[in-house]
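Everything below concerns the one structure shown next.
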Amino acid sequence: MKKKVFKIIFFGVAFTSLAACSNGDSAKPAGGEGEASTSEVEKQSTESSSSEVKSVENSSEDAEANSKYFDLMIEAAQSQVPALKEQMGDMYSDISITGGEDHTIVYTYTLAENPVADMDIEALKPTLAKSLISANSAIKGAIPDAKYQLFFLRPDQSEIGSTIITQEDIVAVQEDSGEDPAADSAEI
């Protein structure tokens, strides 16, 4: 019975994927180097202050751009939920994908029927992380600190279990399986 529950969770996560493309090269502040005359030092100080302000503005713009990419990824994933539900058949009564804090992608799977056995979500974490490798390779180019939070619910909405999968978890699974984690970033 545990195998059946394991398969339900594995296939549910395996079929869920997100995609996004990033075309944003972050701007780098320009800093000038020059001779040590008083006017040049003042000019450099002014340029440096200006560069720091621009750097803060660029950092703010980058954060806003990342937030927009994140929102677009969530929206794109949500548009795929009906197809995902169709693929899963009667396994889940509901599947949702939402955005959480700090670039956390929240997957909520509601089982159509109560599981017969208790599930150890933490024991399933490596398998769940492995199922997210494909989606993560597309996401981490735009949102390098993306995390995944997975909730599994009974039909009455009570929680069976949950886990958070980080970039480190996914890299560890890739290394354990002999995959090159750096190859994913080359795909983007």
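Every chain in the structure tokens has a letter given in the order shown (A, B, ...), and although residue numbers restart at 1 in each chain, ligands are simply numbered from 1 in the order shown.
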
So which residues of region 51-145 of chain A fall under strand (DSSP E or B) by DSSP, listed as a list in words?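 The strand (DSSP E or B) residues within region 51-145 of chain A come out as Tyr92, Ser93, Asp94, Ile95, Ser96, Ile97, Thr98, Gly99, Thr104, Ile105, Val106, Tyr107, Thr108, Tyr109, Thr110 and Leu111 of chain A.
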
Please run DSSP on the backbone and report, as a PDB file with N, CA, C and O atoms, in the first residue's frame, all residues within region 59-183 of chain A that come out as alpha helix (DSSP H).
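Output file states-v8.pdb is given in full below:
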ATOM      1  N   SER A  59      19.757  47.140  -8.155  1.00  0.00           N
ATOM      2  CA  SER A  59      19.422  46.019  -7.287  1.00  0.00           C
ATOM      3  C   SER A  59      17.915  45.977  -7.054  1.00  0.00           C
ATOM      4  O   SER A  59      17.305  44.911  -7.091  1.00  0.00           O
ATOM      5  N   SER A  60      17.336  47.142  -6.831  1.00  0.00           N
ATOM      6  CA  SER A  60      15.890  47.226  -6.644  1.00  0.00           C
ATOM      7  C   SER A  60      15.161  46.816  -7.917  1.00  0.00           C
ATOM      8  O   SER A  60      14.169  46.098  -7.872  1.00  0.00           O
ATOM      9  N   GLU A  61      15.671  47.261  -9.070  1.00  0.00           N
ATOM     10  CA  GLU A  61      15.076  46.890 -10.357  1.00  0.00           C
ATOM     11  C   GLU A  61      15.211  45.395 -10.599  1.00  0.00           C
ATOM     12  O   GLU A  61      14.282  44.757 -11.095  1.00  0.00           O
ATOM     13  N   ASP A  62      16.368  44.815 -10.249  1.00  0.00           N
ATOM     14  CA  ASP A  62      16.559  43.371 -10.408  1.00  0.00           C
ATOM     15  C   ASP A  62      15.586  42.591  -9.536  1.00  0.00           C
ATOM     16  O   ASP A  62      15.019  41.595  -9.967  1.00  0.00           O
ATOM     17  N   ALA A  63      15.399  43.048  -8.294  1.00  0.00           N
ATOM     18  CA  ALA A  63      14.461  42.373  -7.388  1.00  0.00           C
ATOM     19  C   ALA A  63      13.048  42.457  -7.950  1.00  0.00           C
ATOM     20  O   ALA A  63      12.301  41.478  -7.910  1.00  0.00           O
ATOM     21  N   GLU A  64      12.691  43.626  -8.488  1.00  0.00           N
ATOM     22  CA  GLU A  64      11.361  43.787  -9.071  1.00  0.00           C
ATOM     23  C   GLU A  64      11.207  42.905 -10.308  1.00  0.00           C
ATOM     24  O   GLU A  64      10.167  42.271 -10.500  1.00  0.00           O
ATOM     25  N   ALA A  65      12.260  42.830 -11.135  1.00  0.00           N
ATOM     26  CA  ALA A  65      12.208  41.975 -12.323  1.00  0.00           C
ATOM     27  C   ALA A  65      12.076  40.510 -11.916  1.00  0.00           C
ATOM     28  O   ALA A  65      11.293  39.767 -12.509  1.00  0.00           O
ATOM     29  N   ASN A  66      12.837  40.085 -10.898  1.00  0.00           N
ATOM     30  CA  ASN A  66      12.738  38.705 -10.410  1.00  0.00           C
ATOM     31  C   ASN A  66      11.335  38.412  -9.910  1.00  0.00           C
ATOM     32  O   ASN A  66      10.793  37.340 -10.142  1.00  0.00           O
ATOM     33  N   SER A  67      10.750  39.377  -9.227  1.00  0.00           N
ATOM     34  CA  SER A  67       9.389  39.206  -8.725  1.00  0.00           C
ATOM     35  C   SER A  67       8.408  39.049  -9.887  1.00  0.00           C
ATOM     36  O   SER A  67       7.513  38.210  -9.833  1.00  0.00           O
ATOM     37  N   LYS A  68       8.602  39.827 -10.936  1.00  0.00           N
ATOM     38  CA  LYS A  68       7.728  39.725 -12.109  1.00  0.00           C
ATOM     39  C   LYS A  68       7.912  38.372 -12.801  1.00  0.00           C
ATOM     40  O   LYS A  68       6.942  37.750 -13.201  1.00  0.00           O
ATOM     41  N   TYR A  69       9.180  37.915 -12.937  1.00  0.00           N
ATOM     42  CA  TYR A  69       9.429  36.594 -13.540  1.00  0.00           C
ATOM     43  C   TYR A  69       8.767  35.513 -12.696  1.00  0.00           C
ATOM     44  O   TYR A  69       8.168  34.588 -13.223  1.00  0.00           O
ATOM     45  N   PHE A  70       8.904  35.647 -11.392  1.00  0.00           N
ATOM     46  CA  PHE A  70       8.319  34.661 -10.492  1.00  0.00           C
ATOM     47  C   PHE A  70       6.803  34.619 -10.664  1.00  0.00           C
ATOM     48  O   PHE A  70       6.215  33.543 -10.798  1.00  0.00           O
ATOM     49  N   ASP A  71       6.178  35.780 -10.689  1.00  0.00           N
ATOM     50  CA  ASP A  71       4.729  35.845 -10.874  1.00  0.00           C
ATOM     51  C   ASP A  71       4.304  35.245 -12.205  1.00  0.00           C
ATOM     52  O   ASP A  71       3.302  34.532 -12.291  1.00  0.00           O
ATOM     53  N   LEU A  72       5.088  35.505 -13.251  1.00  0.00           N
ATOM     54  CA  LEU A  72       4.780  34.939 -14.576  1.00  0.00           C
ATOM     55  C   LEU A  72       4.924  33.421 -14.574  1.00  0.00           C
ATOM     56  O   LEU A  72       4.122  32.716 -15.192  1.00  0.00           O
ATOM     57  N   MET A  73       5.939  32.921 -13.872  1.00  0.00           N
ATOM     58  CA  MET A  73       6.123  31.465 -13.792  1.00  0.00           C
ATOM     59  C   MET A  73       4.950  30.809 -13.071  1.00  0.00           C
ATOM     60  O   MET A  73       4.466  29.766 -13.499  1.00  0.00           O
ATOM     61  N   ILE A  74       4.508  31.427 -11.999  1.00  0.00           N
ATOM     62  CA  ILE A  74       3.374  30.883 -11.252  1.00  0.00           C
ATOM     63  C   ILE A  74       2.133  30.896 -12.137  1.00  0.00           C
ATOM     64  O   ILE A  74       1.393  29.910 -12.206  1.00  0.00           O
ATOM     65  N   GLU A  75       1.917  31.994 -12.835  1.00  0.00           N
ATOM     66  CA  GLU A  75       0.761  32.104 -13.726  1.00  0.00           C
ATOM     67  C   GLU A  75       0.816  31.041 -14.832  1.00  0.00           C
ATOM     68  O   GLU A  75      -0.198  30.409 -15.145  1.00  0.00           O
ATOM     69  N   ALA A  76       1.996  30.838 -15.396  1.00  0.00           N
ATOM     70  CA  ALA A  76       2.147  29.825 -16.445  1.00  0.00           C
ATOM     71  C   ALA A  76       1.877  28.429 -15.887  1.00  0.00           C
ATOM     72  O   ALA A  76       1.220  27.611 -16.529  1.00  0.00           O
ATOM     73  N   ALA A  77       2.379  28.162 -14.703  1.00  0.00           N
ATOM     74  CA  ALA A  77       2.163  26.852 -14.080  1.00  0.00           C
ATOM     75  C   ALA A  77       0.683  26.635 -13.778  1.00  0.00           C
ATOM     76  O   ALA A  77       0.157  25.543 -13.993  1.00  0.00           O
ATOM     77  N   GLN A  78       0.021  27.678 -13.301  1.00  0.00           N
ATOM     78  CA  GLN A  78      -1.399  27.560 -12.991  1.00  0.00           C
ATOM     79  C   GLN A  78      -2.223  27.258 -14.235  1.00  0.00           C
ATOM     80  O   GLN A  78      -3.212  26.534 -14.166  1.00  0.00           O
ATOM     81  N   SER A  79      -1.779  27.763 -15.371  1.00  0.00           N
ATOM     82  CA  SER A  79      -2.511  27.494 -16.609  1.00  0.00           C
ATOM     83  C   SER A  79      -2.378  26.031 -17.032  1.00  0.00           C
ATOM     84  O   SER A  79      -3.181  25.534 -17.815  1.00  0.00           O
ATOM     85  N   GLN A  80      -1.383  25.335 -16.504  1.00  0.00           N
ATOM     86  CA  GLN A  80      -1.160  23.931 -16.836  1.00  0.00           C
ATOM     87  C   GLN A  80      -1.881  22.974 -15.889  1.00  0.00           C
ATOM     88  O   GLN A  80      -1.917  21.771 -16.130  1.00  0.00           O
ATOM     89  N   VAL A  81      -2.449  23.487 -14.810  1.00  0.00           N
ATOM     90  CA  VAL A  81      -3.110  22.633 -13.817  1.00  0.00           C
ATOM     91  C   VAL A  81      -4.251  21.809 -14.412  1.00  0.00           C
ATOM     92  O   VAL A  81      -4.352  20.608 -14.131  1.00  0.00           O
ATOM     93  N   PRO A  82      -5.138  22.378 -15.268  1.00  0.00           N
ATOM     94  CA  PRO A  82      -6.205  21.539 -15.837  1.00  0.00           C
ATOM     95  C   PRO A  82      -5.662  20.336 -16.620  1.00  0.00           C
ATOM     96  O   PRO A  82      -6.183  19.226 -16.486  1.00  0.00           O
ATOM     97  N   ALA A  83      -4.618  20.535 -17.402  1.00  0.00           N
ATOM     98  CA  ALA A  83      -4.023  19.418 -18.146  1.00  0.00           C
ATOM     99  C   ALA A  83      -3.401  18.410 -17.186  1.00  0.00           C
ATOM    100  O   ALA A  83      -3.498  17.192 -17.403  1.00  0.00           O
ATOM    101  N   LEU A  84      -2.793  18.908 -16.129  1.00  0.00           N
ATOM    102  CA  LEU A  84      -2.187  18.034 -15.129  1.00  0.00           C
ATOM    103  C   LEU A  84      -3.247  17.186 -14.439  1.00  0.00           C
ATOM    104  O   LEU A  84      -3.083  15.985 -14.256  1.00  0.00           O
ATOM    105  N   LYS A  85      -4.361  17.815 -14.083  1.00  0.00           N
ATOM    106  CA  LYS A  85      -5.461  17.074 -13.441  1.00  0.00           C
ATOM    107  C   LYS A  85      -5.990  15.991 -14.373  1.00  0.00           C
ATOM    108  O   LYS A  85      -6.294  14.881 -13.934  1.00  0.00           O
ATOM    109  N   GLU A  86      -6.079  16.318 -15.660  1.00  0.00           N
ATOM    110  CA  GLU A  86      -6.549  15.334 -16.638  1.00  0.00           C
ATOM    111  C   GLU A  86      -5.588  14.156 -16.727  1.00  0.00           C
ATOM    112  O   GLU A  86      -6.001  13.006 -16.790  1.00  0.00           O
ATOM    113  N   GLN A  87      -4.283  14.429 -16.713  1.00  0.00           N
ATOM    114  CA  GLN A  87      -3.279  13.372 -16.766  1.00  0.00           C
ATOM    115  C   GLN A  87      -3.337  12.485 -15.523  1.00  0.00           C
ATOM    116  O   GLN A  87      -3.130  11.281 -15.603  1.00  0.00           O
ATOM    117  N   MET A  88      -3.597  13.091 -14.388  1.00  0.00           N
ATOM    118  CA  MET A  88      -3.613  12.355 -13.130  1.00  0.00           C
ATOM    119  C   MET A  88      -4.882  11.542 -12.945  1.00  0.00           C
ATOM    120  O   MET A  88      -4.940  10.675 -12.076  1.00  0.00           O
ATOM    121  N   ILE A 121       6.750  11.764   4.406  1.00  0.00           N
ATOM    122  CA  ILE A 121       7.106  12.726   3.365  1.00  0.00           C
ATOM    123  C   ILE A 121       8.609  12.998   3.357  1.00  0.00           C
ATOM    124  O   ILE A 121       9.210  13.127   2.299  1.00  0.00           O
ATOM    125  N   GLU A 122       9.224  13.061   4.529  1.00  0.00           N
ATOM    126  CA  GLU A 122      10.661  13.325   4.585  1.00  0.00           C
ATOM    127  C   GLU A 122      11.453  12.190   3.932  1.00  0.00           C
ATOM    128  O   GLU A 122      12.479  12.429   3.308  1.00  0.00           O
ATOM    129  N   ALA A 123      10.973  10.958   4.052  1.00  0.00           N
ATOM    130  CA  ALA A 123      11.642   9.836   3.395  1.00  0.00           C
ATOM    131  C   ALA A 123      11.484   9.925   1.880  1.00  0.00           C
ATOM    132  O   ALA A 123      12.345   9.452   1.135  1.00  0.00           O
ATOM    133  N   LEU A 124      10.399  10.543   1.444  1.00  0.00           N
ATOM    134  CA  LEU A 124      10.154  10.704   0.004  1.00  0.00           C
ATOM    135  C   LEU A 124      10.860  11.918  -0.579  1.00  0.00           C
ATOM    136  O   LEU A 124      10.869  12.099  -1.795  1.00  0.00           O
ATOM    137  N   LYS A 125      11.443  12.751   0.261  1.00  0.00           N
ATOM    138  CA  LYS A 125      12.029  14.015  -0.183  1.00  0.00           C
ATOM    139  C   LYS A 125      13.029  13.856  -1.336  1.00  0.00           C
ATOM    140  O   LYS A 125      12.963  14.608  -2.305  1.00  0.00           O
ATOM    141  N   PRO A 126      13.953  12.893  -1.299  1.00  0.00           N
ATOM    142  CA  PRO A 126      14.875  12.742  -2.430  1.00  0.00           C
ATOM    143  C   PRO A 126      14.148  12.431  -3.752  1.00  0.00           C
ATOM    144  O   PRO A 126      14.507  12.955  -4.806  1.00  0.00           O
ATOM    145  N   THR A 127      13.113  11.612  -3.683  1.00  0.00           N
ATOM    146  CA  THR A 127      12.338  11.283  -4.885  1.00  0.00           C
ATOM    147  C   THR A 127      11.577  12.502  -5.372  1.00  0.00           C
ATOM    148  O   THR A 127      11.519  12.774  -6.577  1.00  0.00           O
ATOM    149  N   LEU A 128      11.003  13.253  -4.449  1.00  0.00           N
ATOM    150  CA  LEU A 128      10.289  14.472  -4.825  1.00  0.00           C
ATOM    151  C   LEU A 128      11.254  15.492  -5.429  1.00  0.00           C
ATOM    152  O   LEU A 128      10.928  16.152  -6.419  1.00  0.00           O
ATOM    153  N   ALA A 129      12.440  15.614  -4.833  1.00  0.00           N
ATOM    154  CA  ALA A 129      13.447  16.544  -5.364  1.00  0.00           C
ATOM    155  C   ALA A 129      13.866  16.130  -6.769  1.00  0.00           C
ATOM    156  O   ALA A 129      14.016  16.972  -7.661  1.00  0.00           O
ATOM    157  N   LYS A 130      14.029  14.833  -6.982  1.00  0.00           N
ATOM    158  CA  LYS A 130      14.419  14.345  -8.308  1.00  0.00           C
ATOM    159  C   LYS A 130      13.347  14.664  -9.349  1.00  0.00           C
ATOM    160  O   LYS A 130      13.653  14.997 -10.491  1.00  0.00           O
ATOM    161  N   SER A 131      12.081  14.602  -8.939  1.00  0.00           N
ATOM    162  CA  SER A 131      11.008  14.892  -9.887  1.00  0.00           C
ATOM    163  C   SER A 131      10.947  16.372 -10.247  1.00  0.00           C
ATOM    164  O   SER A 131      10.324  16.745 -11.240  1.00  0.00           O
ATOM    165  N   ILE A 133      13.736  18.257 -10.834  1.00  0.00           N
ATOM    166  CA  ILE A 133      14.963  18.659 -11.527  1.00  0.00           C
ATOM    167  C   ILE A 133      14.661  19.360 -12.842  1.00  0.00           C
ATOM    168  O   ILE A 133      15.212  20.419 -13.137  1.00  0.00           O
ATOM    169  N   SER A 134      13.797  18.802 -13.647  1.00  0.00           N
ATOM    170  CA  SER A 134      13.491  19.383 -14.953  1.00  0.00           C
ATOM    171  C   SER A 134      12.881  20.776 -14.818  1.00  0.00           C
ATOM    172  O   SER A 134      13.316  21.723 -15.481  1.00  0.00           O
ATOM    173  N   ALA A 135      11.879  20.902 -13.975  1.00  0.00           N
ATOM    174  CA  ALA A 135      11.248  22.212 -13.773  1.00  0.00           C
ATOM    175  C   ALA A 135      12.245  23.201 -13.182  1.00  0.00           C
ATOM    176  O   ALA A 135      12.297  24.364 -13.577  1.00  0.00           O
ATOM    177  N   ASN A 136      13.072  22.731 -12.265  1.00  0.00           N
ATOM    178  CA  ASN A 136      14.024  23.608 -11.598  1.00  0.00           C
ATOM    179  C   ASN A 136      15.077  24.142 -12.558  1.00  0.00           C
ATOM    180  O   ASN A 136      15.501  25.291 -12.428  1.00  0.00           O
ATOM    181  N   SER A 137      15.494  23.349 -13.522  1.00  0.00           N
ATOM    182  CA  SER A 137      16.524  23.819 -14.451  1.00  0.00           C
ATOM    183  C   SER A 137      16.040  25.026 -15.245  1.00  0.00           C
ATOM    184  O   SER A 137      16.817  25.913 -15.570  1.00  0.00           O
ATOM    185  N   ALA A 138      14.755  25.095 -15.517  1.00  0.00           N
ATOM    186  CA  ALA A 138      14.200  26.257 -16.217  1.00  0.00           C
ATOM    187  C   ALA A 138      14.021  27.441 -15.281  1.00  0.00           C
ATOM    188  O   ALA A 138      14.176  28.584 -15.677  1.00  0.00           O
ATOM    189  N   ILE A 139      13.722  27.176 -14.047  1.00  0.00           N
ATOM    190  CA  ILE A 139      13.421  28.241 -13.090  1.00  0.00           C
ATOM    191  C   ILE A 139      14.665  28.911 -12.549  1.00  0.00           C
ATOM    192  O   ILE A 139      14.720  30.131 -12.414  1.00  0.00           O
ATOM    193  N   GLN A 167      17.266  24.431  -3.437  1.00  0.00           N
ATOM    194  CA  GLN A 167      18.233  24.203  -4.524  1.00  0.00           C
ATOM    195  C   GLN A 167      19.299  23.199  -4.083  1.00  0.00           C
ATOM    196  O   GLN A 167      19.720  22.357  -4.878  1.00  0.00           O
ATOM    197  N   GLU A 168      19.704  23.264  -2.827  1.00  0.00           N
ATOM    198  CA  GLU A 168      20.716  22.346  -2.311  1.00  0.00           C
ATOM    199  C   GLU A 168      20.214  20.901  -2.340  1.00  0.00           C
ATOM    200  O   GLU A 168      20.976  19.983  -2.641  1.00  0.00           O
ATOM    201  N   ASP A 169      18.940  20.692  -2.034  1.00  0.00           N
ATOM    202  CA  ASP A 169      18.355  19.349  -2.079  1.00  0.00           C
ATOM    203  C   ASP A 169      18.395  18.797  -3.503  1.00  0.00           C
ATOM    204  O   ASP A 169      18.716  17.628  -3.715  1.00  0.00           O
ATOM    205  N   ILE A 170      18.070  19.646  -4.466  1.00  0.00           N
ATOM    206  CA  ILE A 170      18.048  19.208  -5.866  1.00  0.00           C
ATOM    207  C   ILE A 170      19.456  18.914  -6.357  1.00  0.00           C
ATOM    208  O   ILE A 170      19.690  17.895  -7.016  1.00  0.00           O
ATOM    209  N   VAL A 171      20.412  19.763  -5.996  1.00  0.00           N
ATOM    210  CA  VAL A 171      21.808  19.531  -6.391  1.00  0.00           C
ATOM    211  C   VAL A 171      22.314  18.223  -5.776  1.00  0.00           C
ATOM    212  O   VAL A 171      22.991  17.436  -6.446  1.00  0.00           O
ATOM    213  N   ALA A 172      21.980  17.966  -4.525  1.00  0.00           N
ATOM    214  CA  ALA A 172      22.410  16.731  -3.855  1.00  0.00           C
ATOM    215  C   ALA A 172      21.866  15.502  -4.576  1.00  0.00           C
ATOM    216  O   ALA A 172      22.587  14.515  -4.765  1.00  0.00           O
ATOM    217  N   VAL A 173      20.606  15.553  -5.004  1.00  0.00           N
ATOM    218  CA  VAL A 173      20.003  14.431  -5.724  1.00  0.00           C
ATOM    219  C   VAL A 173      20.690  14.245  -7.071  1.00  0.00           C
ATOM    220  O   VAL A 173      20.959  13.118  -7.487  1.00  0.00           O
ATOM    221  N   GLN A 174      20.995  15.351  -7.742  1.00  0.00           N
ATOM    222  CA  GLN A 174      21.677  15.258  -9.033  1.00  0.00           C
ATOM    223  C   GLN A 174      23.062  14.643  -8.861  1.00  0.00           C
ATOM    224  O   GLN A 174      23.473  13.797  -9.657  1.00  0.00           O
ATOM    225  N   GLU A 175      23.774  15.070  -7.830  1.00  0.00           N
ATOM    226  CA  GLU A 175      25.109  14.526  -7.590  1.00  0.00           C
ATOM    227  C   GLU A 175      25.042  13.042  -7.237  1.00  0.00           C
ATOM    228  O   GLU A 175      25.867  12.255  -7.683  1.00  0.00           O
ATOM    229  N   ASP A 176      24.044  12.658  -6.431  1.00  0.00           N
ATOM    230  CA  ASP A 176      23.876  11.254  -6.052  1.00  0.00           C
ATOM    231  C   ASP A 176      23.562  10.377  -7.263  1.00  0.00           C
ATOM    232  O   ASP A 176      23.951   9.217  -7.312  1.00  0.00           O
ATOM    233  N   PRO A 181      25.093  18.954 -11.930  1.00  0.00           N
ATOM    234  CA  PRO A 181      24.202  20.081 -11.637  1.00  0.00           C
ATOM    235  C   PRO A 181      24.532  21.325 -12.445  1.00  0.00           C
ATOM    236  O   PRO A 181      23.669  22.105 -12.777  1.00  0.00           O
ATOM    237  N   ALA A 182      25.786  21.522 -12.813  1.00  0.00           N
ATOM    238  CA  ALA A 182      26.194  22.702 -13.582  1.00  0.00           C
ATOM    239  C   ALA A 182      25.659  22.628 -15.006  1.00  0.00           C
ATOM    240  O   ALA A 182      25.475  23.648 -15.667  1.00  0.00           O
ATOM    241  N   ALA A 183      25.377  21.431 -15.501  1.00  0.00           N
ATOM    242  CA  ALA A 183      24.861  21.284 -16.871  1.00  0.00           C
ATOM    243  C   ALA A 183      23.486  21.905 -17.003  1.00  0.00           C
ATOM    244  O   ALA A 183      23.118  22.390 -18.078  1.00  0.00           O
TER     245      ALA A 183
END

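The space between CA of Gln149 (chain A) and CA of Asp120 (chain A) spans 15.4 Å.
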
Could you please determine the separation between CA of Asp145 (chain A) and CA of Val106 (chain A) in Å, to one decimal place?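 Atom-to-atom, CA of Asp145 (chain A) to CA of Val106 (chain A), that is 14.1 Å.
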
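From CA of Lys147 (chain A) back to CA of Asp94 (chain A), the distance works out to 21.5 Å.
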